[in-house]
There are 2 protein chains.
Amino acid sequence: MKSSVSGCSVEEAMRLLGGRWRLLLVSYLLDGPKRFGELRKDVPGISQRMLTLDLRALEDAGLVRRTVFAEVPVKVEYQLTEDGLRMEPVVAVMKAFGLWLKSRA
Amino acid sequence: MKSSVSGCSVEEAMRLLGGRWRLLLVSYLLDGPKRFGELRKDVPGISQRMLTLDLRALEDAGLVRRTVFAEVPVKVEYQLTEDGLRMEPVVAVMKAFGLWLKSRA
């Protein structure tokens, strides 16, 4: 029987990363800092509102840093924090599983 | 720049596993076959309808097998298929990340 502690950890992780787009956004941020508009282009299916909310959630969790550059027009960049880089193995394993899913389609 | 192919794989995996409860259900099924009622007890937050839909989605993807035993009362068991066992590393990495999330809380 599974201890509630370990089950609970999966639940905790999925509460943060389980959304349709969050890990996908993280996978793009693993390539380096990105502007809002770049992320929208990377993930065409996401709405502007959802992208804002997802980035905010990752920011609130300390996994993404939002930097505003005092330029005209203002430039806002998103990048993974050191903690955010801990998601790299999560993205890697999800990518491998997704590749397998597609390979048998 | 990320190739659309690899980003797309993460998206493909998350489309199937990205729900709030699915990987959690899989984590319990990794312990062995479970009856519907057992899974409901393992995951108290899930509604009966959601549990049905999530199990159906995993079944449709060939990752879970549903077995009906001709007993009175009827007994229905869910277990991971051989393909379903491929989710073990996904659960493991998500559990590790969840543990880390909780450790810093």
# chains A, B, ... in the order shown; residues from 1 in each chain; ligands from 1
>>> residues_around(residues="segment 66-73 of chain B", least_positions_apart="4", cutoff="12 Å", atoms="only C-alpha atoms", output="JSON, numbers by chain")
{"B": [29, 33, 34, 35, 36, 52, 55, 56, 57, 58, 59, 60, 62, 77, 78, 79, 80, 81]}
>>> select_by_dssp(residues="chain A", states="helix (DSSP H, G or I)", output="PyMOL selection string")
chain A and resi 4-17+22-29+36-42+48-60+84-103
>>> interface_residues(of="chain B", to="chain A", cutoff="7 Å", atoms="only C-alpha atoms", output="PyMOL selection string")
chain B and resi 1-2+6-7+9-15+18-20+24+27-28+31+90+93-95+97-99
>>> select_by_dssp(residues="chain B", states="strand (DSSP E or B)", output="number ranges by chain")
B: 34-35, 64-69, 75-80
>>> write_last_selection(atoms="N, CA, C and O atoms", output="PDB file, in the first residue's frame")
ATOM      1  N   LYS B  34      -6.270  -2.435  -8.513  1.00  0.00           N
ATOM      2  CA  LYS B  34      -7.110  -1.762  -7.513  1.00  0.00           C
ATOM      3  C   LYS B  34      -8.560  -1.774  -7.973  1.00  0.00           C
ATOM      4  O   LYS B  34      -8.836  -1.656  -9.168  1.00  0.00           O
ATOM      5  N   ARG B  35      -9.453  -1.855  -7.033  1.00  0.00           N
ATOM      6  CA  ARG B  35     -10.862  -1.713  -7.354  1.00  0.00           C
ATOM      7  C   ARG B  35     -11.225  -0.224  -7.358  1.00  0.00           C
ATOM      8  O   ARG B  35     -10.531   0.613  -6.778  1.00  0.00           O
ATOM      9  N   VAL B  64      -4.201   1.403 -19.019  1.00  0.00           N
ATOM     10  CA  VAL B  64      -4.888   0.739 -17.910  1.00  0.00           C
ATOM     11  C   VAL B  64      -5.832  -0.318 -18.481  1.00  0.00           C
ATOM     12  O   VAL B  64      -6.433  -0.106 -19.535  1.00  0.00           O
ATOM     13  N   ARG B  65      -5.904  -1.463 -17.797  1.00  0.00           N
ATOM     14  CA  ARG B  65      -6.837  -2.502 -18.202  1.00  0.00           C
ATOM     15  C   ARG B  65      -7.921  -2.626 -17.135  1.00  0.00           C
ATOM     16  O   ARG B  65      -7.637  -2.630 -15.940  1.00  0.00           O
ATOM     17  N   ARG B  66      -9.156  -2.700 -17.594  1.00  0.00           N
ATOM     18  CA  ARG B  66     -10.305  -2.847 -16.701  1.00  0.00           C
ATOM     19  C   ARG B  66     -10.803  -4.277 -16.805  1.00  0.00           C
ATOM     20  O   ARG B  66     -11.100  -4.756 -17.891  1.00  0.00           O
ATOM     21  N   THR B  67     -10.855  -4.960 -15.688  1.00  0.00           N
ATOM     22  CA  THR B  67     -11.302  -6.353 -15.694  1.00  0.00           C
ATOM     23  C   THR B  67     -12.547  -6.499 -14.839  1.00  0.00           C
ATOM     24  O   THR B  67     -12.575  -6.047 -13.682  1.00  0.00           O
ATOM     25  N   VAL B  68     -13.582  -7.106 -15.432  1.00  0.00           N
ATOM     26  CA  VAL B  68     -14.820  -7.336 -14.699  1.00  0.00           C
ATOM     27  C   VAL B  68     -14.878  -8.806 -14.309  1.00  0.00           C
ATOM     28  O   VAL B  68     -14.771  -9.693 -15.162  1.00  0.00           O
ATOM     29  N   PHE B  69     -15.010  -9.083 -13.016  1.00  0.00           N
ATOM     30  CA  PHE B  69     -15.105 -10.464 -12.533  1.00  0.00           C
ATOM     31  C   PHE B  69     -16.571 -10.828 -12.345  1.00  0.00           C
ATOM     32  O   PHE B  69     -17.334 -10.062 -11.744  1.00  0.00           O
ATOM     33  N   LYS B  75     -17.277  -7.508  -9.408  1.00  0.00           N
ATOM     34  CA  LYS B  75     -16.018  -6.914  -8.964  1.00  0.00           C
ATOM     35  C   LYS B  75     -15.308  -6.365 -10.192  1.00  0.00           C
ATOM     36  O   LYS B  75     -15.169  -7.077 -11.201  1.00  0.00           O
ATOM     37  N   VAL B  76     -14.899  -5.120 -10.145  1.00  0.00           N
ATOM     38  CA  VAL B  76     -14.208  -4.495 -11.277  1.00  0.00           C
ATOM     39  C   VAL B  76     -12.831  -4.048 -10.803  1.00  0.00           C
ATOM     40  O   VAL B  76     -12.710  -3.345  -9.799  1.00  0.00           O
ATOM     41  N   GLU B  77     -11.819  -4.473 -11.529  1.00  0.00           N
ATOM     42  CA  GLU B  77     -10.465  -4.123 -11.134  1.00  0.00           C
ATOM     43  C   GLU B  77      -9.750  -3.362 -12.236  1.00  0.00           C
ATOM     44  O   GLU B  77      -9.951  -3.631 -13.418  1.00  0.00           O
ATOM     45  N   TYR B  78      -8.904  -2.441 -11.809  1.00  0.00           N
ATOM     46  CA  TYR B  78      -8.096  -1.664 -12.745  1.00  0.00           C
ATOM     47  C   TYR B  78      -6.639  -1.988 -12.498  1.00  0.00           C
ATOM     48  O   TYR B  78      -6.209  -2.058 -11.350  1.00  0.00           O
ATOM     49  N   GLN B  79      -5.898  -2.176 -13.584  1.00  0.00           N
ATOM     50  CA  GLN B  79      -4.471  -2.382 -13.400  1.00  0.00           C
ATOM     51  C   GLN B  79      -3.721  -1.793 -14.585  1.00  0.00           C
ATOM     52  O   GLN B  79      -4.271  -1.619 -15.675  1.00  0.00           O
ATOM     53  N   LEU B  80      -2.470  -1.483 -14.358  1.00  0.00           N
ATOM     54  CA  LEU B  80      -1.654  -0.946 -15.441  1.00  0.00           C
ATOM     55  C   LEU B  80      -1.344  -2.048 -16.446  1.00  0.00           C
ATOM     56  O   LEU B  80      -1.084  -3.192 -16.065  1.00  0.00           O
TER      57      LEU B  80
END
>>> atom_distance(atom1="atom CA of Leu63 of chain A", atom2="atom CA of Glu82 of chain A")
7.5 Å
